[in-house]
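run_24.cif (mmCIF, C-alpha atoms) appears below.
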data_data
loop_
_atom_site.label_atom_id
_atom_site.label_comp_id
_atom_site.auth_asym_id
_atom_site.auth_seq_id
_atom_site.Cartn_x
_atom_site.Cartn_y
_atom_site.Cartn_z
CA MET R 1 0.00 0.00 0.00
CA SER R 2 1.37 3.42 -0.95
CA ALA R 3 1.84 6.11 1.68
CA VAL R 4 -1.14 8.40 2.26
CA ASP R 5 -0.74 12.18 1.97
CA TRP R 6 -0.45 13.68 5.47
CA GLU R 7 -3.47 15.99 5.23
CA THR R 8 -5.55 13.16 3.75
CA ALA R 9 -4.47 10.85 6.57
CA ARG R 10 -5.64 13.37 9.18
CA ARG R 11 -8.99 13.70 7.45
CA LEU R 12 -9.46 9.92 7.22
CA ALA R 13 -8.62 9.51 10.90
CA TYR R 14 -11.14 12.18 11.88
CA GLU R 15 -13.88 10.71 9.70
CA ALA R 16 -13.26 7.24 11.13
CA GLY R 17 -13.69 8.64 14.62
CA ARG R 18 -16.91 10.49 13.78
CA ALA R 19 -18.39 7.36 12.21
CA ALA R 20 -17.60 5.30 15.33
CA ALA R 21 -18.59 7.84 18.00
CA GLY R 22 -20.65 6.37 20.82
CA PRO R 23 -23.86 7.71 22.37
CA ALA R 24 -23.91 10.88 24.47
CA GLU R 25 -24.07 10.76 28.25
CA VAL R 26 -25.10 13.11 31.04
CA VAL R 27 -22.52 14.11 33.65
CA PRO R 28 -22.71 16.52 36.61
CA LEU R 29 -21.06 19.91 36.18
CA ASP R 30 -18.14 19.01 38.42
CA ALA R 31 -17.28 16.09 36.13
CA ALA R 32 -17.64 17.95 32.83
CA ASP R 33 -14.24 19.66 32.63
CA GLY R 34 -12.36 18.45 29.54
CA ARG R 35 -15.41 16.85 27.94
CA THR R 36 -17.26 17.94 24.78
CA LEU R 37 -20.79 19.30 24.47
CA ALA R 38 -23.06 16.81 22.72
CA GLU R 39 -26.01 19.21 22.82
CA PRO R 40 -26.07 22.98 22.38
CA LEU R 41 -25.85 24.95 25.62
CA LEU R 42 -29.09 26.96 25.72
CA ALA R 43 -30.00 29.77 28.08
CA LEU R 44 -32.62 28.35 30.45
CA THR R 45 -33.81 31.88 31.28
CA ASP R 46 -32.99 35.44 30.39
CA LEU R 47 -29.54 36.48 31.60
CA PRO R 48 -29.80 38.37 33.83
CA ALA R 49 -33.15 36.93 34.82
CA PHE R 50 -34.19 40.24 36.45
CA PRO R 51 -32.95 43.87 36.47
CA THR R 52 -29.75 43.72 38.51
CA SER R 53 -27.88 46.53 40.22
CA SER R 54 -24.31 47.06 39.00
CA ILE R 55 -23.39 49.25 41.99
CA ASP R 56 -23.68 49.75 45.72
CA GLY R 57 -25.87 52.80 46.22
CA TRP R 58 -29.47 53.94 46.10
CA ALA R 59 -32.46 53.03 43.94
CA VAL R 60 -34.49 56.23 43.63
CA ARG R 61 -37.88 57.35 42.32
CA GLY R 62 -38.72 60.86 41.24
CA PRO R 63 -36.62 64.01 41.74
CA ALA R 64 -34.13 64.57 44.60
CA PRO R 65 -34.01 64.66 47.53
CA TRP R 66 -35.10 61.13 48.36
CA ARG R 67 -36.29 59.70 51.64
CA PRO R 68 -34.81 56.26 52.45
CA ILE R 69 -37.52 53.69 53.15
CA GLY R 70 -35.53 50.42 53.21
CA ARG R 71 -32.70 48.30 51.91
CA VAL R 72 -32.40 45.73 49.09
CA LEU R 73 -29.75 43.02 49.31
CA ALA R 74 -28.74 40.41 46.75
CA GLY R 75 -30.97 37.37 46.91
CA SER R 76 -34.18 39.16 47.93
CA THR R 77 -37.25 40.34 46.04
CA PRO R 78 -37.97 44.00 46.86
CA GLU R 79 -41.28 45.76 47.10
CA PRO R 80 -41.84 48.31 44.31
CA LEU R 81 -41.00 51.96 44.86
CA SER R 82 -44.49 53.42 44.59
CA GLU R 83 -44.00 56.94 45.99
CA SER R 84 -42.05 59.75 44.29
CA GLY R 85 -39.19 61.14 46.38
CA THR R 86 -38.35 57.83 48.02
CA CYS R 87 -35.37 55.53 47.73
CA VAL R 88 -33.93 52.27 49.03
CA GLU R 89 -30.33 51.38 49.71
CA ILE R 90 -29.25 48.72 47.18
CA ALA R 91 -26.31 46.33 46.94
CA THR R 92 -24.43 45.18 43.87
CA GLY R 93 -26.20 42.17 42.37
CA ALA R 94 -29.51 42.95 44.03
CA MET R 95 -32.79 43.06 42.14
CA VAL R 96 -33.78 46.61 41.18
CA PRO R 97 -37.23 47.40 42.63
CA GLY R 98 -40.07 48.17 40.30
CA GLY R 99 -40.78 51.86 39.94
CA ALA R 100 -37.14 52.90 40.32
CA ASP R 101 -36.10 55.64 37.92
CA ALA R 102 -32.35 55.52 38.52
CA LEU R 103 -29.52 54.24 40.68
CA ILE R 104 -27.10 56.56 42.47
CA ARG R 105 -23.62 55.37 43.43
CA ILE R 106 -23.01 55.49 47.17
CA GLU R 107 -19.77 57.44 46.63
CA GLU R 108 -21.62 60.02 44.50
CA SER R 109 -24.51 60.53 46.93
CA THR R 110 -25.03 62.92 49.85
CA ARG R 111 -27.07 62.89 53.07
CA ASP R 112 -28.46 66.07 54.58
CA PRO R 113 -29.02 66.59 58.33
CA ASP R 114 -32.55 65.20 57.95
CA GLY R 115 -31.20 62.00 56.39
CA LEU R 116 -32.48 62.76 52.90
CA VAL R 117 -30.38 61.43 50.03
CA GLY R 118 -29.12 63.63 47.23
CA GLY R 119 -27.15 63.03 44.07
CA THR R 120 -27.23 63.11 40.30
CA PRO R 121 -27.75 59.90 38.30
CA ARG R 122 -25.19 59.11 35.62
CA PRO R 123 -26.48 59.31 32.02
CA ALA R 124 -26.17 55.55 31.47
CA PRO R 125 -28.31 53.24 33.63
CA GLU R 126 -26.41 51.57 36.47
CA TRP R 127 -28.21 48.25 36.20
CA ARG R 128 -28.21 45.23 33.92
CA LEU R 129 -31.46 44.61 32.10
CA PRO R 130 -33.07 41.17 31.72
CA GLY R 131 -31.73 39.43 28.61
CA GLU R 132 -28.77 41.78 28.31
CA GLU R 133 -26.36 38.82 28.13
CA ALA R 134 -28.72 36.23 26.67
CA THR R 135 -32.40 35.60 26.11
CA LYS R 136 -34.21 32.44 27.16
CA GLY R 137 -33.64 29.64 24.62
CA GLU R 138 -30.69 31.38 22.96
CA GLU R 139 -27.82 29.11 21.93
CA LEU R 140 -24.81 30.11 23.98
CA LEU R 141 -22.38 27.43 22.79
CA PRO R 142 -22.70 24.92 19.95
CA VAL R 143 -22.32 21.15 19.85
CA GLY R 144 -18.65 20.21 19.76
CA THR R 145 -17.50 22.89 22.19
CA SER R 146 -14.68 21.73 24.45
CA ILE R 147 -15.75 22.20 28.05
CA ASP R 148 -13.40 24.15 30.28
CA PRO R 149 -13.98 25.99 33.59
CA ALA R 150 -15.39 29.02 31.76
CA VAL R 151 -18.00 26.87 29.98
CA ILE R 152 -18.90 25.24 33.30
CA GLY R 153 -19.33 28.73 34.77
CA VAL R 154 -21.71 29.75 31.98
CA ALA R 155 -23.72 26.56 32.48
CA ALA R 156 -23.93 27.15 36.23
CA THR R 157 -25.04 30.76 35.65
CA CYS R 158 -27.87 29.45 33.48
CA GLY R 159 -28.96 27.01 36.18
CA TYR R 160 -27.65 23.73 34.79
CA GLU R 161 -26.86 20.89 37.20
CA SER R 162 -25.46 18.59 34.52
CA LEU R 163 -24.41 18.62 30.87
CA THR R 164 -24.92 16.24 27.97
CA VAL R 165 -21.50 15.32 26.66
CA SER R 166 -19.88 13.08 24.10
CA PRO R 167 -18.36 9.87 25.45
CA LEU R 168 -14.80 10.05 26.74
CA PRO R 169 -12.77 7.58 24.64
CA ARG R 170 -10.75 5.18 26.79
CA ALA R 171 -7.25 4.38 25.59
CA ALA R 172 -4.59 1.80 26.40
CA LEU R 173 -0.90 1.65 25.54
CA ARG R 174 1.22 -1.38 24.65
CA VAL R 175 4.96 -0.86 24.32
CA PHE R 176 6.76 -3.26 21.98
CA GLY R 177 10.48 -4.03 21.99
CA ASP R 178 12.64 -6.50 23.92
CA GLU R 179 15.52 -4.02 23.78
CA LEU R 180 13.79 -1.55 26.08
CA LEU R 181 14.63 -0.88 29.71
CA VAL R 182 11.96 0.32 32.09
CA ASN R 183 14.34 1.72 34.68
CA GLY R 184 17.93 2.87 35.01
CA PRO R 185 20.21 4.42 32.38
CA PRO R 186 20.67 2.91 28.90
CA GLY R 187 23.64 0.69 28.13
CA ASP R 188 24.85 -2.69 26.89
CA GLY R 189 22.81 -2.42 23.71
CA ARG R 190 19.55 -1.57 25.47
CA VAL R 191 17.74 1.78 25.49
CA ARG R 192 15.42 3.25 28.09
CA ASP R 193 11.72 3.27 27.19
CA SER R 194 10.64 6.91 26.91
CA LEU R 195 7.26 6.32 25.28
CA GLY R 196 5.59 4.36 28.07
CA PRO R 197 6.07 7.23 30.52
CA GLN R 198 5.09 10.07 28.17
CA MET R 199 2.34 8.71 25.93
CA PRO R 200 -0.42 8.61 28.59
CA GLY R 201 0.05 12.36 29.14
CA TRP R 202 -0.15 13.08 25.42
CA LEU R 203 -3.25 10.89 25.10
CA ARG R 204 -4.99 12.78 27.90
CA ARG R 205 -4.13 16.05 26.17
CA CYS R 206 -5.69 14.68 23.00
CA GLY R 207 -8.92 13.89 24.84
CA ALA R 208 -8.63 10.24 25.91
CA ALA R 209 -8.93 8.66 29.33
CA ILE R 210 -6.03 6.42 30.33
CA THR R 211 -4.69 5.17 33.64
CA THR R 212 -1.40 3.53 34.60
CA ALA R 213 -3.23 0.19 34.69
CA GLU R 214 -3.82 0.52 30.95
CA VAL R 215 -0.11 0.84 30.13
CA ALA R 216 1.87 -2.36 29.65
CA GLY R 217 5.19 -3.45 28.21
CA PRO R 218 7.68 -4.04 26.93
CA VAL R 219 5.77 -6.82 25.19
CA GLU R 220 7.79 -9.86 24.16
CA ASP R 221 8.87 -9.80 20.51
CA THR R 222 6.68 -12.70 19.35
CA LEU R 223 3.49 -12.72 17.32
CA GLU R 224 1.63 -14.62 20.03
CA ALA R 225 2.60 -12.08 22.70
CA HIS R 226 1.58 -9.17 20.49
CA VAL R 227 -1.85 -10.64 19.74
CA ALA R 228 -2.46 -11.46 23.40
CA ALA R 229 -1.38 -7.99 24.53
CA ILE R 230 -3.63 -6.23 22.03
CA ARG R 231 -6.62 -8.43 22.87
CA ALA R 232 -6.17 -7.76 26.58
CA ALA R 233 -5.97 -4.01 25.92
CA PHE R 234 -9.22 -4.04 23.96
CA GLU R 235 -11.05 -5.51 26.95
CA THR R 236 -11.10 -2.02 28.51
CA ALA R 237 -10.18 0.39 25.72
CA GLU R 238 -11.72 1.69 22.51
CA LEU R 239 -8.31 2.86 21.31
CA VAL R 240 -5.08 0.92 21.69
CA CYS R 241 -1.82 2.66 20.88
CA THR R 242 1.24 0.53 20.26
CA THR R 243 4.83 1.72 19.98
CA GLY R 244 7.31 0.10 17.63
CA GLY R 245 6.90 -2.76 15.20
CA THR R 246 5.25 -0.70 12.44
CA MET R 247 7.72 -1.77 9.74
CA HIS R 248 8.27 -5.26 8.34
CA GLY R 249 11.51 -6.32 10.07
CA PRO R 250 12.23 -9.73 11.61
CA VAL R 251 10.68 -8.77 14.98
CA ASP R 252 7.98 -6.41 13.68
CA HIS R 253 4.81 -8.35 14.44
CA LEU R 254 2.18 -5.60 14.38
CA HIS R 255 0.94 -6.15 10.82
CA PRO R 256 0.58 -9.95 11.25
CA ALA R 257 -1.14 -9.37 14.60
CA LEU R 258 -3.65 -7.02 12.96
CA ALA R 259 -4.33 -9.61 10.28
CA GLU R 260 -5.00 -12.22 12.96
CA LEU R 261 -7.39 -9.82 14.72
CA GLY R 262 -9.37 -9.22 11.52
CA ALA R 263 -8.45 -5.53 11.33
CA ASP R 264 -8.79 -3.28 8.32
CA TYR R 265 -6.60 -0.23 7.76
CA VAL R 266 -7.88 3.31 7.87
CA VAL R 267 -4.35 4.51 7.08
CA ASN R 268 -1.26 2.38 6.50
CA THR R 269 1.88 4.52 6.24
CA VAL R 270 1.77 8.30 5.88
CA ALA R 271 3.90 10.44 3.57
CA VAL R 272 5.36 12.53 6.40
CA ARG R 273 8.87 12.90 7.84
CA PRO R 274 9.72 12.06 10.51
CA GLY R 275 7.27 9.33 11.41
CA PHE R 276 6.11 7.82 8.11
CA PRO R 277 5.69 4.13 9.22
CA MET R 278 2.55 4.90 11.25
CA LEU R 279 -0.84 3.30 10.90
CA LEU R 280 -4.44 3.40 12.07
CA ALA R 281 -6.63 0.31 11.90
CA ARG R 282 -10.18 -0.67 12.82
CA VAL R 283 -10.58 -3.84 14.84
CA PRO R 284 -14.05 -5.45 15.09
CA GLY R 285 -15.41 -5.72 18.62
CA PRO R 286 -17.71 -8.38 20.09
CA ASP R 287 -20.54 -5.83 20.37
CA GLY R 288 -20.36 -4.98 16.66
CA ARG R 289 -18.66 -1.63 17.25
CA HIS R 290 -15.21 -0.96 15.92
CA ARG R 291 -12.23 -0.41 18.16
CA PHE R 292 -9.12 1.34 16.88
CA LEU R 293 -5.43 0.54 16.97
CA ALA R 294 -2.88 3.26 16.29
CA GLY R 295 0.55 1.91 15.45
CA LEU R 296 3.15 4.49 16.49
CA PRO R 297 6.78 4.16 15.37
CA GLY R 298 9.33 3.22 18.02
CA ASN R 299 11.48 6.33 17.58
CA PRO R 300 10.24 8.85 20.16
CA GLN R 301 9.76 11.96 18.02
CA SER R 302 8.23 9.87 15.24
CA ALA R 303 5.78 8.40 17.75
CA VAL R 304 4.64 11.87 18.83
CA ILE R 305 4.24 12.91 15.19
CA ALA R 306 2.10 9.83 14.62
CA LEU R 307 0.06 10.76 17.65
CA VAL R 308 -0.72 14.30 16.44
CA SER R 309 -1.19 13.10 12.85
CA LEU R 310 -3.60 10.20 13.43
CA VAL R 311 -4.59 9.80 17.08
CA GLN R 312 -5.47 13.42 17.79
CA PRO R 313 -7.93 13.76 14.86
CA LEU R 314 -9.36 10.30 15.58
CA LEU R 315 -10.08 11.27 19.19
CA ALA R 316 -11.58 14.58 18.07
CA GLY R 317 -13.96 12.64 15.86
CA LEU R 318 -14.85 10.15 18.60
CA ALA R 319 -15.52 13.01 21.01
CA GLY R 320 -17.66 14.97 18.54
CA ARG R 321 -15.31 17.94 18.35
CA PRO R 322 -14.85 19.78 15.03
CA PRO R 323 -11.64 19.04 13.11
CA ALA R 324 -8.78 21.31 14.08
CA GLU R 325 -7.84 24.15 11.76
CA LEU R 326 -4.14 24.91 11.75
CA PRO R 327 -3.07 28.49 12.38
CA SER R 328 -0.37 30.08 10.22
CA VAL R 329 2.87 31.53 11.58
CA ILE R 330 5.96 33.17 10.14
CA THR R 331 9.07 31.03 10.28
CA THR R 332 12.15 32.91 11.47
CA GLY R 333 14.52 30.48 9.77
CA PRO R 334 14.68 28.23 6.71
CA VAL R 335 13.09 24.77 6.80
CA LYS R 336 14.09 22.13 4.29
CA GLY R 337 11.55 20.17 2.32
CA ARG R 338 11.39 16.38 2.36
CA GLY R 339 10.78 15.63 -1.32
CA THR R 340 7.36 14.07 -1.89
CA ASP R 341 6.62 13.90 1.86
CA THR R 342 5.25 16.53 4.22
CA HIS R 343 7.91 17.75 6.65
CA LEU R 344 6.87 18.42 10.25
CA ALA R 345 9.65 20.57 11.71
CA LEU R 346 9.79 21.19 15.44
CA ALA R 347 9.58 24.90 16.28
CA ARG R 348 9.12 27.25 19.21
CA LEU R 349 6.64 30.12 19.14
CA ASP R 350 7.55 33.65 20.17
CA ARG R 351 5.58 35.43 22.88
CA THR R 352 3.05 36.75 20.39
CA GLY R 353 2.36 33.34 18.89
CA ARG R 354 2.72 34.81 15.40
CA SER R 355 6.20 33.57 14.52
CA ALA R 356 8.10 30.35 15.15
CA THR R 357 11.78 29.44 15.25
CA PRO R 358 12.93 25.95 14.24
CA VAL R 359 14.67 24.19 17.13
CA GLY R 360 17.67 21.88 17.15
CA HIS R 361 18.06 18.22 18.17
CA VAL R 362 15.26 17.08 15.89
CA GLY R 363 16.31 13.55 14.93
CA SER R 364 13.46 11.06 14.98
CA ALA R 365 15.06 9.28 17.95
CA MET R 366 15.59 12.52 19.91
CA LEU R 367 13.34 14.17 22.46
CA ARG R 368 15.41 17.22 23.43
CA GLY R 369 14.04 19.27 20.54
CA LEU R 370 10.48 18.20 21.36
CA ALA R 371 10.89 19.33 24.97
CA ASN R 372 11.88 22.81 23.72
CA ALA R 373 9.15 23.14 21.07
CA HIS R 374 5.53 24.26 20.97
CA GLY R 375 4.65 22.29 17.86
CA PHE R 376 5.52 21.68 14.23
CA LEU R 377 5.94 23.88 11.18
CA VAL R 378 4.23 22.15 8.25
CA VAL R 379 6.20 22.16 4.99
CA ARG R 380 4.14 20.69 2.17
CA PRO R 381 5.55 18.14 -0.31
CA GLY R 382 7.75 19.53 -3.04
CA THR R 383 8.40 22.78 -1.19
CA GLU R 384 10.84 24.30 1.26
CA ALA R 385 10.56 27.39 3.44
CA ALA R 386 12.73 30.49 3.75
CA ALA R 387 12.86 32.85 6.70
CA GLY R 388 9.80 35.10 6.60
CA ASP R 389 7.54 32.56 4.90
CA LEU R 390 4.04 31.93 6.27
CA LEU R 391 3.53 28.28 7.19
CA PRO R 392 0.80 26.18 8.83
CA PHE R 393 1.60 25.35 12.45
CA LEU R 394 0.51 22.16 14.23
CA PRO R 395 0.55 22.83 17.99
CA LEU R 396 1.43 20.11 20.46
CA PRO R 397 -1.74 19.13 22.36
CA LEU R 398 -2.33 20.87 25.69
CA LEU R 399 -4.71 20.46 28.58
CA ALA R 400 -7.32 23.20 28.99
CA GLY R 401 -5.60 26.32 30.26
CA GLU R 402 -2.12 24.78 29.96
CA ARG R 403 0.79 26.67 28.42
CA ARG R 404 4.25 25.51 27.41
#
How would this structure read if it were set down as structure tokens?
Amino acid sequence: MSAVDWETARRLAYEAGRAAAGPAEVVPLDAADGRTLAEPLLALTDLPAFPTSSIDGWAVRGPAPWRPIGRVLAGSTPEPLSESGTCVEIATGAMVPGGADALIRIEESTRDPDGLVGGTPRPAPEWRLPGEEATKGEELLPVGTSIDPAVIGVAATCGYESLTVSPLPRAALRVFGDELLVNGPPGDGRVRDSLGPQMPGWLRRCGAAITTAEVAGPVEDTLEAHVAAIRAAFETAELVCTTGGTMHGPVDHLHPALAELGADYVVNTVAVRPGFPMLLARVPGPDGRHRFLAGLPGNPQSAVIALVSLVQPLLAGLAGRPPAELPSVITTGPVKGRGTDTHLALARLDRTGRSATPVGHVGSAMLRGLANAHGFLVVRPGTEAAAGDLLPFLPLPLLAGERR
């Protein structure tokens, strides 16, 4: 099978996820952070629901001076002001009484020896009117919105106790390679596994749920061990990521294992450098729903590129989020092309986020460059970039509110 164009591969992964997305579920507000709206967020009432004071001061009726006849605090329903020349003390957030003509700020008011209140109202009203922020039934946020604390705050303001969200895909990780060490420094022909420790964090940032119990390896370099490890992972996960074994070497058993599991390929090899021997396959489940296996290369940077190329759009589709649109940035330095392949070049954004500088230490087996980067400059096939060129930028995935 020939390598798939990188942009096409991302689209196919997203579409596969959308087609396999599970049913929506209802979760309480305190469990909604990081999820995705499966229904539009509608205003359950006008916002504000009643005329609300924006100041601490006086609600007055008629011309000055005004005789105080009471106090209105937030959370109470006041009696109307029915007599001209009267006023009530009012707190910020309190309901403005009916019949009030204006609000006077406490710091701009006066009291005479008889206790009468004086002052001049500002030209603009000092209260929020019902429906000023939203009207009842208005769509505040569409389906596919990623839920963060601000979204939860809006929902709480409206009166929601729970939200209808897309399912949270559960992932598992299986690390392949007898040559890997799980502790201590590398040596004697063996290298330390760096993907087992980092991939769960990347998967969470892409929108999957994964625990340490769902990470296993290194898996023995035999076909039987690979098949058994993948089957065990699918007992709890809808998405299994594997690392290594994506080529056709003497101990690369992933493709034969997929054949034994009855899988079909969504994408098998992507025309991108680094990271081209990546794959995404559908595996039939006992309930008739497809599970997915993402085969990530064993080289660390290549594995992360496979993750953002295939796994991230797949998870967006499964979660009901819209496909990501890549921003454009100005590269501060030249970036070589990679012939007929797309080149993803590690780069660091400036403080404005409008320009990016390619970083060093970018070999497919290196992680130092990745640790100093914010994402990848995208150089399309058959092109190369000079300093000052505008390029698409693929950010590394982040948790809500997280910055690198």
Specify as JSON, numbers by chain each residue included when the PyMOL selection byres ((chain R and resi 257) around 9) is applied to this file. {"R": [223, 224, 226, 227, 230, 253, 254, 255, 256, 258, 259, 260, 261, 262, 263]}
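Of the listed residues (R:Pro125, R:Pro169, R:Gly244, R:Pro218), R:Pro218 comes nearest to R:Leu181; the distances count all atoms listed in the file.
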Determine the residue membership of the PyMOL selection byres ((chain R and resi 233) around 9) for the file above and supply it as a CSV table (one decimal) with C-alpha atoms, keeping the file's coordinate frame.
chain,number,residue,atom,x,y,z
R,171,ALA,CA,-7.2,4.4,25.6
R,172,ALA,CA,-4.6,1.8,26.4
R,173,LEU,CA,-0.9,1.6,25.5
R,174,ARG,CA,1.2,-1.4,24.6
R,214,GLU,CA,-3.8,0.5,31.0
R,215,VAL,CA,-0.1,0.8,30.1
R,216,ALA,CA,1.9,-2.4,29.6
R,228,ALA,CA,-2.5,-11.5,23.4
R,229,ALA,CA,-1.4,-8.0,24.5
R,230,ILE,CA,-3.6,-6.2,22.0
R,231,ARG,CA,-6.6,-8.4,22.9
R,232,ALA,CA,-6.2,-7.8,26.6
R,234,PHE,CA,-9.2,-4.0,24.0
R,235,GLU,CA,-11.0,-5.5,27.0
R,236,THR,CA,-11.1,-2.0,28.5
R,237,ALA,CA,-10.2,0.4,25.7
R,238,GLU,CA,-11.7,1.7,22.5
R,239,LEU,CA,-8.3,2.9,21.3
R,240,VAL,CA,-5.1,0.9,21.7
Would you please work out which residue, of R:Arg35, R:Arg67, R:Arg170, R:Arg128, is nearest to R:Pro149 when using only C-alpha atoms?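 Nearest to R:Pro149: R:Arg35.
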Evaluate the PyMOL selection byres ((chain R and resi 145) around 9) here and jot the selected residues down as an mmCIF file with C-alpha atoms, keeping the file's coordinate frame.
data_model
loop_
_atom_site.group_PDB
_atom_site.id
_atom_site.type_symbol
_atom_site.label_atom_id
_atom_site.label_comp_id
_atom_site.auth_asym_id
_atom_site.auth_seq_id
_atom_site.Cartn_x
_atom_site.Cartn_y
_atom_site.Cartn_z
ATOM 1 C CA ARG R 35 -15.410 16.850 27.940
ATOM 2 C CA THR R 36 -17.260 17.940 24.780
ATOM 3 C CA LEU R 37 -20.790 19.300 24.470
ATOM 4 C CA ALA R 38 -23.060 16.810 22.720
ATOM 5 C CA PRO R 40 -26.070 22.980 22.380
ATOM 6 C CA LEU R 141 -22.380 27.430 22.790
ATOM 7 C CA PRO R 142 -22.700 24.920 19.950
ATOM 8 C CA VAL R 143 -22.320 21.150 19.850
ATOM 9 C CA GLY R 144 -18.650 20.210 19.760
ATOM 10 C CA SER R 146 -14.680 21.730 24.450
ATOM 11 C CA ILE R 147 -15.750 22.200 28.050
ATOM 12 C CA VAL R 151 -18.000 26.870 29.980
ATOM 13 C CA GLY R 320 -17.660 14.970 18.540
ATOM 14 C CA ARG R 321 -15.310 17.940 18.350
ATOM 15 C CA PRO R 322 -14.850 19.780 15.030
#
Can you tell me which residues surround stretch 192-195 of chain R at a distance of at most 12 Å, considering all atoms listed in the file, apart from same-chain residues fewer than 6 positions away, and format the answer as a PyMOL selection string? chain R and resi 173-186+201-203+215-219+241-244+296-304+307+365-368
Between atom CA of R:Glu161 and atom CA of R:Ala134, what is the spacing in Å?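 Going from atom CA of R:Ala134 over to atom CA of R:Glu161, I get 18.7 Å.
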Best match for closeness to R:Glu126 among R:Leu47, R:Ile90, R:Leu140, R:Ile55, counting all atoms listed in the file: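 When distances to R:Glu126 are compared using all atoms listed in the file, the smallest one comes from R:Ile55.
When only C-alpha atoms are used to measure the gap to R:Ala13, the shortest distance among R:Ser76, R:Asn268, R:Thr157, R:Thr45 belongs to R:Asn268.
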Which value, in Å to one decimal, gives the distance between atom CA of R:Thr110 and atom CA of R:Pro78? 23.1 Å
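Remark: residues at most 9 Å from position (-38.5, 49.8, 53.5) in file coordinates are R:Pro68, R:Ile69, R:Gly70, R:Arg71, R:Val72, R:Pro78, R:Glu79, R:Cys87, R:Val88, using all atoms listed in the file.
Atom pair atom CA of R:Leu293 / atom CA of R:Asp5 has a distance of 19.6 Å (rounded to one decimal).
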Between R:Ala294, R:Ala371, R:Leu391, R:Ile330, which is the closest to R:Pro313 once you count all atoms listed in the file?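 The answer is R:Ala294, which sits nearest to R:Pro313.
Proximity of R:Ala59, R:Thr120, R:Arg18, R:Ser54 to R:Ser84, computed with all atoms listed in the file, is greatest for R:Ala59.
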Step by step, gather every atom of stretch 225-241 of chain R that the file lists, find the box along x, y and z that holds them, add 3 Å on each side, and finally give centre and edge lengths in Å to one decimal, as JSON.
{"center_x": -4.6, "center_y": -4.6, "center_z": 24.1, "size_x": 20.3, "size_y": 20.9, "size_z": 14.8}
Around the point (-18.0, -3.1, 17.7) (coordinates from the file), which residues reach within 12 Å if we count all atoms listed in the file? Answer as an MDAnalysis selection string. chainID R and resid 19:22 234:235 237:239 263 282:292
Give me a file of those residues, with C-alpha atoms, as an mmCIF file, keeping the file's coordinate frame.
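The resulting selection-v6.cif:
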data_model
loop_
_atom_site.group_PDB
_atom_site.id
_atom_site.type_symbol
_atom_site.label_atom_id
_atom_site.label_comp_id
_atom_site.auth_asym_id
_atom_site.auth_seq_id
_atom_site.Cartn_x
_atom_site.Cartn_y
_atom_site.Cartn_z
ATOM 1 C CA ALA R 19 -18.390 7.360 12.210
ATOM 2 C CA ALA R 20 -17.600 5.300 15.330
ATOM 3 C CA ALA R 21 -18.590 7.840 18.000
ATOM 4 C CA GLY R 22 -20.650 6.370 20.820
ATOM 5 C CA PHE R 234 -9.220 -4.040 23.960
ATOM 6 C CA GLU R 235 -11.050 -5.510 26.950
ATOM 7 C CA ALA R 237 -10.180 0.390 25.720
ATOM 8 C CA GLU R 238 -11.720 1.690 22.510
ATOM 9 C CA LEU R 239 -8.310 2.860 21.310
ATOM 10 C CA ALA R 263 -8.450 -5.530 11.330
ATOM 11 C CA ARG R 282 -10.180 -0.670 12.820
ATOM 12 C CA VAL R 283 -10.580 -3.840 14.840
ATOM 13 C CA PRO R 284 -14.050 -5.450 15.090
ATOM 14 C CA GLY R 285 -15.410 -5.720 18.620
ATOM 15 C CA PRO R 286 -17.710 -8.380 20.090
ATOM 16 C CA ASP R 287 -20.540 -5.830 20.370
ATOM 17 C CA GLY R 288 -20.360 -4.980 16.660
ATOM 18 C CA ARG R 289 -18.660 -1.630 17.250
ATOM 19 C CA HIS R 290 -15.210 -0.960 15.920
ATOM 20 C CA ARG R 291 -12.230 -0.410 18.160
ATOM 21 C CA PHE R 292 -9.120 1.340 16.880
#
N, CA and C atoms for stretch 338-345 of chain R, written as an mmCIF file, in the frame of the given file, could you do that?
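Full text of part.cif as output:
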data_model
loop_
_atom_site.group_PDB
_atom_site.id
_atom_site.type_symbol
_atom_site.label_atom_id
_atom_site.label_comp_id
_atom_site.auth_asym_id
_atom_site.auth_seq_id
_atom_site.Cartn_x
_atom_site.Cartn_y
_atom_site.Cartn_z
ATOM 1 N N ARG R 338 11.070 17.812 2.301
ATOM 2 C CA ARG R 338 11.390 16.380 2.360
ATOM 3 C C ARG R 338 10.866 15.671 1.105
ATOM 4 N N GLY R 339 11.153 16.266 -0.056
ATOM 5 C CA GLY R 339 10.780 15.630 -1.320
ATOM 6 C C GLY R 339 9.272 15.523 -1.469
ATOM 7 N N THR R 340 8.796 14.300 -1.671
ATOM 8 C CA THR R 340 7.360 14.070 -1.890
ATOM 9 C C THR R 340 6.593 13.922 -0.576
ATOM 10 N N ASP R 341 7.280 14.034 0.560
ATOM 11 C CA ASP R 341 6.620 13.900 1.860
ATOM 12 C C ASP R 341 6.400 15.275 2.501
ATOM 13 N N THR R 342 5.411 15.354 3.363
ATOM 14 C CA THR R 342 5.250 16.530 4.220
ATOM 15 C C THR R 342 6.331 16.501 5.297
ATOM 16 N N HIS R 343 6.906 17.651 5.592
ATOM 17 C CA HIS R 343 7.910 17.750 6.650
ATOM 18 C C HIS R 343 7.298 18.458 7.858
ATOM 19 N N LEU R 344 7.290 17.799 8.996
ATOM 20 C CA LEU R 344 6.870 18.420 10.250
ATOM 21 C C LEU R 344 8.132 18.779 11.023
ATOM 22 N N ALA R 345 8.408 20.081 11.116
ATOM 23 C CA ALA R 345 9.650 20.570 11.710
ATOM 24 C C ALA R 345 9.359 21.196 13.063
#
